[in-house]
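K.L.:
Below is the file run.txt, with compact mmCIF, C-alpha atoms.
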# COMPACT_ATOMS: atom_id res chain seq x y z
CA MET Y 190 204.60 20.33 106.79
CA ASN Y 191 203.63 20.52 103.16
CA THR Y 192 203.11 24.09 102.03
CA ASN Y 193 203.37 23.37 98.34
CA THR Y 194 199.79 22.22 97.64
CA ASN Y 195 196.73 23.04 99.71
CA GLU Y 196 198.34 25.87 101.69
CA GLY Y 197 199.78 27.42 98.56
CA ARG Y 198 196.39 27.44 96.86
CA SER Y 199 194.76 28.80 100.03
CA LEU Y 200 197.26 31.63 100.27
CA GLN Y 201 196.77 32.51 96.61
CA ALA Y 202 193.02 32.52 97.02
CA LEU Y 203 193.11 34.59 100.20
CA ALA Y 204 195.57 37.05 98.70
CA GLY Y 205 192.99 37.83 96.02
CA MET Y 206 190.22 38.56 98.49
CA HIS Y 207 189.73 42.29 99.05
CA ALA Y 208 186.98 42.00 101.59
CA PRO Y 209 186.00 45.13 103.52
CA CYS Y 210 186.92 45.55 107.16
CA CYS Y 211 184.76 43.34 109.33
CA SER Y 212 184.08 42.80 113.02
CA ARG Y 213 186.00 40.29 115.15
CA ARG Y 214 182.93 38.07 115.29
CA ARG Y 215 182.84 37.76 111.52
CA PHE Y 216 186.56 37.73 111.00
CA MET Y 217 187.45 34.08 110.84
CA GLY Y 218 189.69 34.01 107.78
CA VAL Y 219 193.00 34.77 109.42
CA PHE Y 220 195.51 32.55 111.09
CA SER Y 221 198.71 33.74 112.63
CA GLY Y 222 200.98 30.78 112.34
CA LEU Y 223 200.29 29.87 108.71
CA ALA Y 224 200.96 33.21 107.15
CA ALA Y 225 203.82 33.92 109.49
CA ALA Y 226 205.32 30.68 108.28
CA ALA Y 227 204.53 31.60 104.71
CA ALA Y 228 206.45 34.82 105.22
CA LEU Y 229 209.59 32.84 105.93
CA PRO Y 230 211.50 31.99 102.78
CA GLY Y 231 211.51 28.33 101.89
CA CYS Y 232 209.21 27.38 104.76
CA GLN Y 233 208.63 23.82 103.72
CA HIS Y 234 209.51 20.75 105.77
CA VAL Y 235 213.08 20.73 107.00
CA PRO Y 236 214.55 17.48 108.29
CA ALA Y 237 215.43 17.40 111.96
CA VAL Y 238 218.80 18.86 112.84
CA SER Y 239 221.33 16.10 113.34
CA THR Y 240 222.14 15.34 116.95
CA GLU Y 241 224.53 12.47 116.34
CA PRO Y 242 227.98 12.72 117.97
CA GLY Y 243 230.18 15.02 115.96
CA ALA Y 244 227.23 16.86 114.39
CA VAL Y 245 228.33 20.20 112.96
CA GLY Y 246 226.77 23.40 114.30
CA ALA Y 247 225.59 24.69 117.65
CA ALA Y 248 222.12 23.17 117.23
CA GLY Y 249 223.76 19.76 117.07
CA ALA Y 250 224.80 20.22 120.70
CA ALA Y 251 221.21 19.68 121.79
CA ALA Y 252 220.51 16.02 122.45
CA VAL Y 253 217.42 14.35 121.02
CA GLY Y 254 214.44 15.14 123.21
CA SER Y 255 216.05 18.15 124.86
CA ARG Y 256 213.83 20.88 123.42
CA ILE Y 257 210.79 22.36 125.15
CA ASP Y 258 208.26 23.93 122.80
CA VAL Y 259 206.12 26.66 124.40
CA HIS Y 260 204.25 27.53 121.17
CA HIS Y 261 202.44 24.38 120.12
CA HIS Y 262 198.79 24.27 119.07
CA PHE Y 263 196.11 21.63 119.54
CA PHE Y 264 192.50 21.18 118.46
CA SER Y 265 189.54 19.29 119.91
CA PRO Y 266 186.92 17.71 117.62
CA LYS Y 267 184.14 19.91 119.00
CA TRP Y 268 186.18 23.06 118.48
CA VAL Y 269 186.96 21.99 114.92
CA GLN Y 270 183.25 21.45 114.31
CA ALA Y 271 182.47 24.95 115.62
CA VAL Y 272 185.07 26.52 113.35
CA GLU Y 273 183.93 24.40 110.41
CA LYS Y 274 180.48 25.98 110.60
CA ARG Y 275 182.06 29.39 110.22
CA ASN Y 276 184.38 28.13 107.52
CA ALA Y 277 181.29 27.33 105.44
CA LEU Y 278 180.31 31.00 105.61
CA GLN Y 279 183.74 32.58 105.26
CA PRO Y 280 186.98 30.70 104.58
CA VAL Y 281 189.11 30.12 107.64
CA LEU Y 282 192.73 30.24 106.62
CA GLY Y 283 194.47 27.05 107.67
CA PHE Y 284 191.29 25.10 108.34
CA ASP Y 285 192.83 21.96 106.81
CA HIS Y 286 195.36 21.97 109.65
CA PHE Y 287 192.56 21.79 112.20
CA LYS Y 288 190.66 18.90 110.70
CA ASN Y 289 193.76 16.92 109.70
CA TRP Y 290 195.65 17.24 112.99
CA THR Y 291 196.03 14.06 115.06
CA LEU Y 292 197.68 13.26 118.36
CA ASP Y 293 199.71 10.42 116.88
CA ARG Y 294 201.13 12.67 114.17
CA ASP Y 295 201.89 15.32 116.77
CA ILE Y 296 203.89 12.87 118.87
CA GLU Y 297 205.68 11.65 115.77
CA VAL Y 298 206.87 15.19 115.02
CA LEU Y 299 207.96 15.78 118.63
CA ASP Y 300 210.01 12.59 118.57
CA ARG Y 301 211.56 13.30 115.19
CA ASP Y 302 212.43 16.94 115.91
CA GLY Y 303 213.91 16.42 119.37
CA VAL Y 304 211.11 17.97 121.46
CA GLU Y 305 210.74 16.46 124.90
CA LYS Y 306 207.68 18.45 125.91
CA ALA Y 307 205.26 20.81 124.18
CA TYR Y 308 202.98 23.30 125.92
CA LEU Y 309 199.58 23.29 124.25
CA SER Y 310 197.63 26.44 123.46
CA VAL Y 311 194.74 27.43 121.23
CA THR Y 312 195.36 29.82 118.38
CA GLN Y 313 193.38 32.23 116.22
CA PRO Y 314 190.35 32.37 116.04
CA GLY Y 315 190.10 31.26 119.67
CA VAL Y 316 186.71 30.51 121.23
CA TRP Y 317 184.95 33.87 121.18
CA PHE Y 318 182.39 34.04 118.38
CA GLY Y 319 179.96 36.43 120.05
CA ASP Y 320 178.08 33.97 122.27
CA VAL Y 321 179.00 33.75 125.97
CA LYS Y 322 177.66 30.24 126.52
CA GLU Y 323 179.32 28.87 123.41
CA SER Y 324 182.62 30.47 124.35
CA ALA Y 325 182.56 28.96 127.85
CA TYR Y 326 181.58 25.55 126.43
CA LEU Y 327 184.37 25.52 123.85
CA ALA Y 328 186.99 26.70 126.35
CA ARG Y 329 186.02 23.91 128.76
CA ASP Y 330 186.04 21.34 125.96
CA LEU Y 331 189.48 22.38 124.74
CA ASN Y 332 190.90 22.42 128.24
CA GLU Y 333 189.59 18.96 129.05
CA HIS Y 334 190.88 17.71 125.72
CA GLY Y 335 194.33 19.15 126.44
CA ALA Y 336 194.33 17.68 129.94
CA GLY Y 337 193.44 14.32 128.38
CA MET Y 338 196.45 14.60 126.08
CA LYS Y 339 198.67 15.23 129.09
CA GLU Y 340 197.28 12.17 130.82
CA LYS Y 341 197.49 9.92 127.77
CA ARG Y 342 201.04 10.95 126.88
CA LYS Y 343 202.55 11.60 130.29
CA GLY Y 344 205.49 13.98 130.32
CA ARG Y 345 205.10 15.03 126.69
CA TYR Y 346 202.63 17.88 127.09
CA GLY Y 347 201.86 20.86 129.25
CA LEU Y 348 198.67 22.93 128.99
CA PHE Y 349 198.10 26.66 128.72
CA ALA Y 350 194.37 26.69 129.39
CA VAL Y 351 191.95 28.55 127.13
CA LEU Y 352 189.92 31.32 128.77
CA PRO Y 353 186.51 32.48 127.48
CA LEU Y 354 187.25 36.19 127.32
CA PRO Y 355 185.80 38.79 127.10
CA ASP Y 356 183.17 37.44 129.55
CA MET Y 357 184.69 37.90 132.99
CA ASP Y 358 182.43 35.64 135.06
CA ALA Y 359 183.05 32.68 132.76
CA THR Y 360 186.77 33.50 132.66
CA LEU Y 361 187.14 33.46 136.44
CA ARG Y 362 185.27 30.16 136.65
CA GLU Y 363 187.52 28.63 134.00
CA ILE Y 364 190.68 29.83 135.76
CA GLU Y 365 189.56 28.03 138.92
CA TYR Y 366 188.67 24.84 137.05
CA ALA Y 367 191.77 24.86 134.88
CA PHE Y 368 194.23 25.27 137.75
CA ASP Y 369 192.49 23.46 140.60
CA VAL Y 370 190.92 20.54 138.71
CA LEU Y 371 192.87 20.11 135.47
CA LYS Y 372 196.20 21.25 136.96
CA ALA Y 373 196.97 23.47 133.96
CA ASP Y 374 200.47 24.92 133.65
CA GLY Y 375 199.23 28.39 132.74
CA VAL Y 376 196.69 30.13 130.54
CA GLY Y 377 196.74 31.05 126.87
CA LEU Y 378 195.23 34.32 125.68
CA LEU Y 379 194.85 36.15 122.39
CA SER Y 380 196.23 39.66 122.06
CA SER Y 381 192.76 41.23 121.83
CA TYR Y 382 189.07 40.38 122.08
CA ASP Y 383 186.39 42.35 120.28
CA ASP Y 384 188.85 45.23 119.98
CA LYS Y 385 189.63 45.17 123.69
CA TRP Y 386 193.33 44.67 124.35
CA LEU Y 387 194.67 42.84 127.35
CA GLY Y 388 195.22 45.97 129.41
CA ASP Y 389 191.52 46.91 129.20
CA PRO Y 390 190.13 47.84 132.65
CA SER Y 391 187.31 45.30 132.27
CA PHE Y 392 189.91 42.51 132.48
CA ALA Y 393 191.22 43.67 135.89
CA PRO Y 394 189.57 40.84 137.93
CA MET Y 395 191.26 38.25 135.72
CA TRP Y 396 194.67 39.84 136.19
CA LYS Y 397 194.21 40.03 139.95
CA GLU Y 398 193.45 36.31 140.10
CA LEU Y 399 196.25 35.31 137.74
CA ASN Y 400 198.75 37.37 139.75
CA ARG Y 401 197.52 35.72 142.96
CA ARG Y 402 198.19 32.35 141.40
CA LYS Y 403 201.60 33.48 140.04
CA ALA Y 404 200.42 32.18 136.70
CA VAL Y 405 202.20 31.73 133.40
CA VAL Y 406 200.33 33.70 130.73
CA TYR Y 407 201.02 32.86 127.10
CA VAL Y 408 199.81 35.45 124.57
CA HIS Y 409 199.19 34.57 120.93
CA ALA Y 410 198.64 37.15 118.22
CA THR Y 411 195.34 37.87 116.52
CA ALA Y 412 194.09 40.66 114.24
CA PRO Y 413 191.62 43.29 115.43
CA GLY Y 414 188.36 43.76 113.51
CA CYS Y 415 189.38 47.26 112.53
CA CYS Y 416 192.32 46.26 110.34
CA SER Y 417 192.05 42.65 109.35
CA TRP Y 418 191.57 42.67 105.60
CA ASN Y 419 191.74 46.17 104.22
CA TYR Y 420 195.34 47.20 104.88
CA GLN Y 421 196.66 46.41 101.40
CA PRO Y 422 195.07 44.22 98.71
CA GLY Y 423 196.98 40.97 98.54
CA VAL Y 424 198.73 41.42 101.91
CA LEU Y 425 197.45 38.91 104.42
CA PRO Y 426 196.71 40.29 107.90
CA THR Y 427 199.18 37.82 109.37
CA ILE Y 428 202.03 39.67 107.64
CA VAL Y 429 201.49 42.99 109.46
CA GLU Y 430 198.43 43.05 111.67
CA LEU Y 431 199.12 40.11 113.96
CA SER Y 432 202.59 41.36 114.83
CA SER Y 433 201.12 44.83 115.31
CA ASP Y 434 198.41 43.49 117.59
CA LEU Y 435 201.00 41.93 119.87
CA ALA Y 436 202.55 45.38 120.15
CA ARG Y 437 199.14 46.88 120.95
CA ALA Y 438 198.58 44.29 123.67
CA MET Y 439 202.00 44.86 125.22
CA VAL Y 440 201.58 48.62 125.19
CA SER Y 441 198.11 48.33 126.74
CA LEU Y 442 199.44 46.17 129.57
CA VAL Y 443 202.31 48.50 130.39
CA HIS Y 444 200.54 51.81 129.75
CA ASN Y 445 197.39 50.90 131.72
CA GLY Y 446 199.35 49.70 134.74
CA VAL Y 447 198.56 45.99 134.41
CA ALA Y 448 202.23 45.08 134.16
CA ASN Y 449 202.95 46.98 137.39
CA ALA Y 450 199.97 45.31 139.10
CA THR Y 451 201.02 41.78 138.09
CA PRO Y 452 204.65 41.37 139.18
CA ASP Y 453 204.11 37.64 139.79
CA VAL Y 454 202.65 36.86 136.37
CA ARG Y 455 205.13 35.31 133.94
CA PHE Y 456 204.24 36.59 130.47
CA ILE Y 457 205.26 34.77 127.29
CA TRP Y 458 204.77 36.71 124.06
CA SER Y 459 204.55 34.79 120.80
CA HIS Y 460 206.54 35.55 117.66
CA GLY Y 461 209.37 37.32 119.44
CA GLY Y 462 207.08 40.11 120.62
CA GLY Y 463 205.83 40.95 117.13
CA SER Y 464 206.36 44.54 116.06
CA ILE Y 465 206.81 46.05 119.54
CA TRP Y 466 210.48 46.67 118.73
CA ALA Y 467 209.51 48.80 115.72
CA GLN Y 468 207.22 51.04 117.80
CA ARG Y 469 208.06 54.33 119.50
CA PHE Y 470 207.07 53.12 122.97
CA LEU Y 471 210.76 52.72 123.85
CA VAL Y 472 211.86 55.90 122.07
CA GLY Y 473 214.80 57.62 123.78
CA GLU Y 474 216.72 54.52 124.83
CA THR Y 475 220.45 54.78 124.17
CA VAL Y 476 223.36 52.40 123.93
CA GLN Y 477 224.23 53.42 127.48
CA SER Y 478 220.71 52.91 128.88
CA LEU Y 479 220.38 49.52 127.22
CA ALA Y 480 223.66 48.48 128.83
CA GLN Y 481 222.36 49.32 132.31
CA GLU Y 482 219.73 47.80 134.57
CA ALA Y 483 216.33 49.30 133.75
CA PRO Y 484 214.61 51.42 136.42
CA LEU Y 485 212.04 49.44 138.39
CA ASN Y 486 208.59 49.37 136.73
CA SER Y 487 209.82 51.33 133.73
CA ARG Y 488 208.75 50.32 130.26
CA LEU Y 489 212.14 48.77 129.61
CA HIS Y 490 211.98 46.93 132.94
CA HIS Y 491 208.76 45.17 131.96
CA PHE Y 492 209.88 44.36 128.45
CA ARG Y 493 212.96 42.76 129.97
CA ARG Y 494 211.02 40.67 132.48
CA PHE Y 495 208.70 39.35 129.77
CA TYR Y 496 209.56 36.16 127.88
CA TYR Y 497 209.47 35.80 124.09
CA ASP Y 498 209.17 32.72 121.91
CA THR Y 499 210.97 32.08 118.65
CA ALA Y 500 208.05 31.20 116.35
CA ALA Y 501 208.24 33.18 113.08
CA ALA Y 502 211.23 34.99 114.57
CA ALA Y 503 214.02 32.40 114.27
CA ASP Y 504 216.29 34.43 112.02
CA ALA Y 505 219.24 36.77 112.45
CA VAL Y 506 217.14 39.94 112.06
CA HIS Y 507 214.45 39.16 114.65
CA MET Y 508 216.81 37.51 117.11
CA GLY Y 509 219.40 40.25 116.63
CA ILE Y 510 216.87 42.93 117.58
CA LEU Y 511 215.58 40.87 120.49
CA LYS Y 512 219.07 40.34 121.87
CA MET Y 513 219.65 44.11 121.83
CA ILE Y 514 216.81 44.58 124.32
CA VAL Y 515 216.54 41.46 126.48
CA PRO Y 516 219.01 38.89 127.80
CA HIS Y 517 218.92 35.49 126.12
CA SER Y 518 217.48 34.09 129.37
CA GLN Y 519 214.11 35.58 128.28
CA ILE Y 520 213.98 33.77 124.93
CA LEU Y 521 212.06 30.48 124.76
CA PHE Y 522 211.89 27.90 122.01
CA GLY Y 523 208.52 27.96 120.23
CA SER Y 524 207.60 26.43 116.89
CA ASP Y 525 203.96 27.31 116.04
CA TYR Y 526 203.30 23.67 115.12
CA PRO Y 527 201.43 22.47 113.04
CA TRP Y 528 202.18 25.47 110.81
CA VAL Y 529 205.91 25.33 111.35
CA GLU Y 530 207.72 22.21 112.47
CA PRO Y 531 210.19 22.45 115.37
CA ALA Y 532 213.18 21.47 113.22
CA ARG Y 533 212.59 24.53 111.03
CA ILE Y 534 212.88 26.82 114.04
CA ALA Y 535 215.97 25.01 115.33
CA LYS Y 536 217.65 25.44 111.95
CA GLY Y 537 216.86 29.16 111.94
CA LEU Y 538 218.16 29.65 115.46
CA GLU Y 539 221.39 27.85 114.59
CA GLN Y 540 221.98 30.50 111.92
CA SER Y 541 221.07 33.48 114.14
CA GLY Y 542 224.35 34.07 115.94
CA PHE Y 543 223.79 32.22 119.22
CA THR Y 544 226.51 30.29 121.00
CA ALA Y 545 226.04 26.62 121.81
CA ASP Y 546 225.37 27.46 125.47
CA GLU Y 547 222.82 30.12 124.54
CA LEU Y 548 221.02 27.67 122.26
CA LYS Y 549 220.84 25.09 125.04
CA ALA Y 550 219.27 27.71 127.30
CA ILE Y 551 216.74 28.73 124.65
CA TYR Y 552 215.89 25.13 123.78
CA ARG Y 553 215.37 24.00 127.36
CA THR Y 554 216.93 25.63 130.41
CA ASN Y 555 215.11 28.96 130.22
CA ALA Y 556 211.71 27.26 130.06
CA LEU Y 557 212.52 24.87 132.89
CA LYS Y 558 213.51 27.73 135.18
CA MET Y 559 210.56 29.93 134.28
CA LEU Y 560 207.90 27.22 134.43
CA ALA Y 561 209.22 25.76 137.69
CA ARG Y 562 209.13 29.08 139.58
CA LYS Y 563 206.24 29.59 142.00
Once more with this new file: its structure as structure tokens, please.

P.N.:
Amino acid sequence: MNTNTNEGRSLQALAGMHAPCCSRRRFMGVFSGLAAAAALPGCQHVPAVSTEPGAVGAAGAAAVGSRIDVHHHFFSPKWVQAVEKRNALQPVLGFDHFKNWTLDRDIEVLDRDGVEKAYLSVTQPGVWFGDVKESAYLARDLNEHGAGMKEKRKGRYGLFAVLPLPDMDATLREIEYAFDVLKADGVGLLSSYDDKWLGDPSFAPMWKELNRRKAVVYVHATAPGCCSWNYQPGVLPTIVELSSDLARAMVSLVHNGVANATPDVRFIWSHGGGSIWAQRFLVGETVQSLAQEAPLNSRLHHFRRFYYDTAAAADAVHMGILKMIVPHSQILFGSDYPWVEPARIAKGLEQSGFTADELKAIYRTNALKMLARK
């Protein structure tokens, strides 16, 4: 990934924009993965970690092709066209990644960086632009495109299907089509839709159906319309707001009882859970309570049953905090490609204090166990 030219100029230009707060429908100029990657020091291309015999470091213990990437984005031509129309009205951060992405290049990166299989999901801005029919159309197009990738490159991809929230009728239809026809591996959601977070009561029918299907639910960060651009001049919303919105989504699920009502849903939270660990929702926990099994259906219980990917969190600080709360069995390898290449994440994890056995579990075993469970 080259962040020294187009991305650098885009970030400089966006940093100078002090646009007023806008609605979700108008807010198209934010992208989680790019700025999260930009927040990492030296986030340019890193060569794949050596896996030759005798390679130094715990990451070298992982054989080529052994990694499973649960945070990997894809784009269909029709979706790119829809976003391009909005890009003409208001810059969409990272738009060059959409239009320049190709399947062949994607496979090349998987092969080079030792990724056996990547689970595809859509990212910000998703498919909801204020029109129910358009949202349903784009979700179906993306899902069929992702299913086509799985068929064309057998064994290399899984699919977390896109759902056309906040419309519930269209969402329930797409769940049925995605699982029963396309054989999707799960669904991919954003943390909020039109300032409704995932625990909103209007989403209850979706959660009932996903729990019935014992579905995998992957959640990617977005920024709510309330706080996207006006937090601090020059501070991109991806630096603070996307991580904060993950925390809002997690709190809404637990606080509103959705987590209790969906014991069979397997949640994956992007970016290591974002800023949930900096919130006061777990206030009062002690060294002793963290060392014990959490009471059933408590806040800590749910946070420990959730899974968390490593995208934009593959460093000693984020992983150190995460390991204080959850066992390493709940941590999954995720890259946020095409914004961050898998080798970059592997290099960060190698320097984050994990043992060789823990790294193997994060790279592969944890995902295999979680995704295979019915």

K.L.:
Between atom CA of Y:Pro516 and atom CA of Y:Leu431, what is the distance in Å, rounded to a tenth?

P.N.:
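Taking atom CA of Y:Pro516 and atom CA of Y:Leu431, their separation equals 24.3 Å.
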
K.L.:
Neighbours of Y:Asp330 within 8 Å (all atoms listed in the file; same-chain residues fewer than 4 positions away dropped), as JSON, numbers by chain?

P.N.:
{"Y": [265, 267, 268, 326, 334]}

K.L.:
Looking at Y:Thr554, Y:Gln540, Y:Ser391, Y:Gln481, which one is nearest to Y:His517, with distances taken over all atoms listed in the file?

P.N.:
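Smallest separation from Y:His517 among the options: Y:Thr554.
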
K.L.:
Closest to Y:Glu305 among Y:Asp258, Y:Glu273, Y:Glu430, Y:Glu530, using all atoms listed in the file?

P.N.:
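Closest residue, counting all atoms listed in the file: Y:Asp258.
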
K.L.:
Let me have the centre and edge lengths in Å, one decimal, of the box along x, y and z around every listed atom of stretch 528-542 of chain Y with 4 Å of margin on each side, as lines of an AutoDock Vina configuration file.

P.N.:
center_x = 213.3
center_y = 27.8
center_z = 113.4
size_x = 30.2
size_y = 20.6
size_z = 13.1

K.L.:
Which neighbours of stretch 315-318 of chain Y fall inside 10 Å, counting only C-alpha atoms, when residues of the same chain fewer than 5 positions from it are skipped, and could you give them as a ChimeraX atom specification?

P.N.:
/Y:213-217,268,271-272,275,310,323-328,331,351-356,377-379,382-383,409,411

K.L.:
Show which residues sit within 8 Å of Y:Leu560, as a CSV table (one decimal) with C-alpha atoms, in the coordinates of the input. Count all atoms listed in the file, and ignore same-chain residues fewer than 4 positions away.

P.N.:
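Result file follows (part39.csv):
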chain,number,residue,atom,x,y,z
Y,374,ASP,CA,200.5,24.9,133.6
Y,405,VAL,CA,202.2,31.7,133.4
Y,556,ALA,CA,211.7,27.3,130.1

K.L.:
Any idea what the distance is between atom CA of Y:Ala561 and atom CA of Y:Ala532?

P.N.:
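Separation of atom CA of Y:Ala561 and atom CA of Y:Ala532: 25.2 Å.
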
K.L.:
Please work out which residues fall within 6 Å of (196.3, 26.2, 119.4), coordinates as given in the file, with only C-alpha atoms counting, and return them as a ChimeraX atom specification.

P.N.:
/Y:262-263,310-312

K.L.:
Can you pull out the residues contacting Y:Ser541? Cut-off 7 Å, using all atoms listed in the file, and skip same-chain residues under 2 positions away; I want them as number ranges by chain.

P.N.:
Y: 504-505, 508, 537-539, 543

K.L.:
Please identify all polymer residues within 12 Å of Y:Gly462, counting only C-alpha atoms, omitting same-chain residues fewer than 5 positions from it, and present them as a PyMOL selection string.

P.N.:
chain Y and resi 380+407-410+431-440+456-457+467-468+492-493+495-502+507-508+510-511+514-515+519-521

K.L.:
Between atom CA of Y:Trp290 and atom CA of Y:Leu371, what is the spacing in Å?

P.N.:
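That distance, rounded to one decimal, is 22.8 Å.
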
K.L.:
Can you work out which one of Y:Met357, Y:Ala393, Y:Ala307, Y:Val269 has the shortest atom-to-atom distance to Y:Asn289, counting all atoms listed in the file?

P.N.:
Y:Val269

K.L.:
Find the residue from Y:Ser441, Y:Asn486, Y:Ser255, Y:Ser464 that sits nearest to Y:Arg301; use all atoms listed in the file when measuring.

P.N.:
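Answer, going by the shortest atom-to-atom distance: Y:Ser255.
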
K.L.:
Could you check which of Y:Tyr552, Y:Trp396, Y:Tyr526, Y:Phe349 is closest to Y:His261, using all atoms listed in the file?

P.N.:
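Once distances to Y:His261 are computed over all atoms listed in the file, the minimum belongs to Y:Tyr526.
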
K.L.:
Using the partial input, fill out stretch 506-522 of chain Y with N, CA, C and O atoms; write the result as a PDB file, in the frame of the given file.

P.N.:
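Output file part.pdb follows:
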ATOM      1  N   VAL Y 506     217.706  38.600 111.889  1.00  0.00           N
ATOM      2  CA  VAL Y 506     217.140  39.940 112.060  1.00  0.00           C
ATOM      3  C   VAL Y 506     216.317  40.012 113.347  1.00  0.00           C
ATOM      4  O   VAL Y 506     216.557  40.853 114.230  1.00  0.00           O
ATOM      5  N   HIS Y 507     215.321  39.113 113.477  1.00  0.00           N
ATOM      6  CA  HIS Y 507     214.450  39.160 114.650  1.00  0.00           C
ATOM      7  C   HIS Y 507     215.228  38.880 115.936  1.00  0.00           C
ATOM      8  O   HIS Y 507     215.067  39.584 116.939  1.00  0.00           O
ATOM      9  N   MET Y 508     216.055  37.846 115.907  1.00  0.00           N
ATOM     10  CA  MET Y 508     216.810  37.510 117.110  1.00  0.00           C
ATOM     11  C   MET Y 508     217.867  38.575 117.429  1.00  0.00           C
ATOM     12  O   MET Y 508     218.142  38.860 118.588  1.00  0.00           O
ATOM     13  N   GLY Y 509     218.430  39.188 116.392  1.00  0.00           N
ATOM     14  CA  GLY Y 509     219.400  40.250 116.630  1.00  0.00           C
ATOM     15  C   GLY Y 509     218.781  41.432 117.340  1.00  0.00           C
ATOM     16  O   GLY Y 509     219.360  41.992 118.282  1.00  0.00           O
ATOM     17  N   ILE Y 510     217.583  41.830 116.910  1.00  0.00           N
ATOM     18  CA  ILE Y 510     216.870  42.930 117.580  1.00  0.00           C
ATOM     19  C   ILE Y 510     216.505  42.533 118.998  1.00  0.00           C
ATOM     20  O   ILE Y 510     216.684  43.317 119.943  1.00  0.00           O
ATOM     21  N   LEU Y 511     215.994  41.320 119.163  1.00  0.00           N
ATOM     22  CA  LEU Y 511     215.580  40.870 120.490  1.00  0.00           C
ATOM     23  C   LEU Y 511     216.745  40.863 121.464  1.00  0.00           C
ATOM     24  O   LEU Y 511     216.626  41.296 122.619  1.00  0.00           O
ATOM     25  N   LYS Y 512     217.897  40.403 120.992  1.00  0.00           N
ATOM     26  CA  LYS Y 512     219.070  40.340 121.870  1.00  0.00           C
ATOM     27  C   LYS Y 512     219.598  41.720 122.249  1.00  0.00           C
ATOM     28  O   LYS Y 512     220.308  41.855 123.249  1.00  0.00           O
ATOM     29  N   MET Y 513     219.267  42.747 121.461  1.00  0.00           N
ATOM     30  CA  MET Y 513     219.650  44.110 121.830  1.00  0.00           C
ATOM     31  C   MET Y 513     218.899  44.601 123.058  1.00  0.00           C
ATOM     32  O   MET Y 513     219.390  45.451 123.804  1.00  0.00           O
ATOM     33  N   ILE Y 514     217.689  44.059 123.275  1.00  0.00           N
ATOM     34  CA  ILE Y 514     216.810  44.580 124.320  1.00  0.00           C
ATOM     35  C   ILE Y 514     216.792  43.696 125.553  1.00  0.00           C
ATOM     36  O   ILE Y 514     216.825  44.188 126.681  1.00  0.00           O
ATOM     37  N   VAL Y 515     216.714  42.374 125.348  1.00  0.00           N
ATOM     38  CA  VAL Y 515     216.540  41.460 126.480  1.00  0.00           C
ATOM     39  C   VAL Y 515     217.689  40.465 126.531  1.00  0.00           C
ATOM     40  O   VAL Y 515     218.296  40.145 125.499  1.00  0.00           O
ATOM     41  N   PRO Y 516     217.998  39.940 127.711  1.00  0.00           N
ATOM     42  CA  PRO Y 516     219.010  38.890 127.800  1.00  0.00           C
ATOM     43  C   PRO Y 516     218.483  37.598 127.187  1.00  0.00           C
ATOM     44  O   PRO Y 516     217.265  37.380 127.125  1.00  0.00           O
ATOM     45  N   HIS Y 517     219.372  36.723 126.767  1.00  0.00           N
ATOM     46  CA  HIS Y 517     218.920  35.490 126.120  1.00  0.00           C
ATOM     47  C   HIS Y 517     218.144  34.595 127.080  1.00  0.00           C
ATOM     48  O   HIS Y 517     217.439  33.680 126.643  1.00  0.00           O
ATOM     49  N   SER Y 518     218.239  34.870 128.384  1.00  0.00           N
ATOM     50  CA  SER Y 518     217.480  34.090 129.370  1.00  0.00           C
ATOM     51  C   SER Y 518     215.970  34.260 129.200  1.00  0.00           C
ATOM     52  O   SER Y 518     215.183  33.459 129.722  1.00  0.00           O
ATOM     53  N   GLN Y 519     215.540  35.303 128.475  1.00  0.00           N
ATOM     54  CA  GLN Y 519     214.110  35.580 128.280  1.00  0.00           C
ATOM     55  C   GLN Y 519     213.587  35.041 126.958  1.00  0.00           C
ATOM     56  O   GLN Y 519     212.439  35.306 126.605  1.00  0.00           O
ATOM     57  N   ILE Y 520     214.389  34.313 126.232  1.00  0.00           N
ATOM     58  CA  ILE Y 520     213.980  33.770 124.930  1.00  0.00           C
ATOM     59  C   ILE Y 520     213.688  32.285 125.089  1.00  0.00           C
ATOM     60  O   ILE Y 520     214.504  31.539 125.635  1.00  0.00           O
ATOM     61  N   LEU Y 521     212.509  31.858 124.628  1.00  0.00           N
ATOM     62  CA  LEU Y 521     212.060  30.480 124.760  1.00  0.00           C
ATOM     63  C   LEU Y 521     211.816  29.866 123.382  1.00  0.00           C
ATOM     64  O   LEU Y 521     211.324  30.532 122.480  1.00  0.00           O
ATOM     65  N   PHE Y 522     212.126  28.601 123.265  1.00  0.00           N
ATOM     66  CA  PHE Y 522     211.890  27.900 122.010  1.00  0.00           C
ATOM     67  C   PHE Y 522     210.394  27.711 121.778  1.00  0.00           C
ATOM     68  O   PHE Y 522     209.676  27.204 122.637  1.00  0.00           O
TER      69      PHE Y 522
END
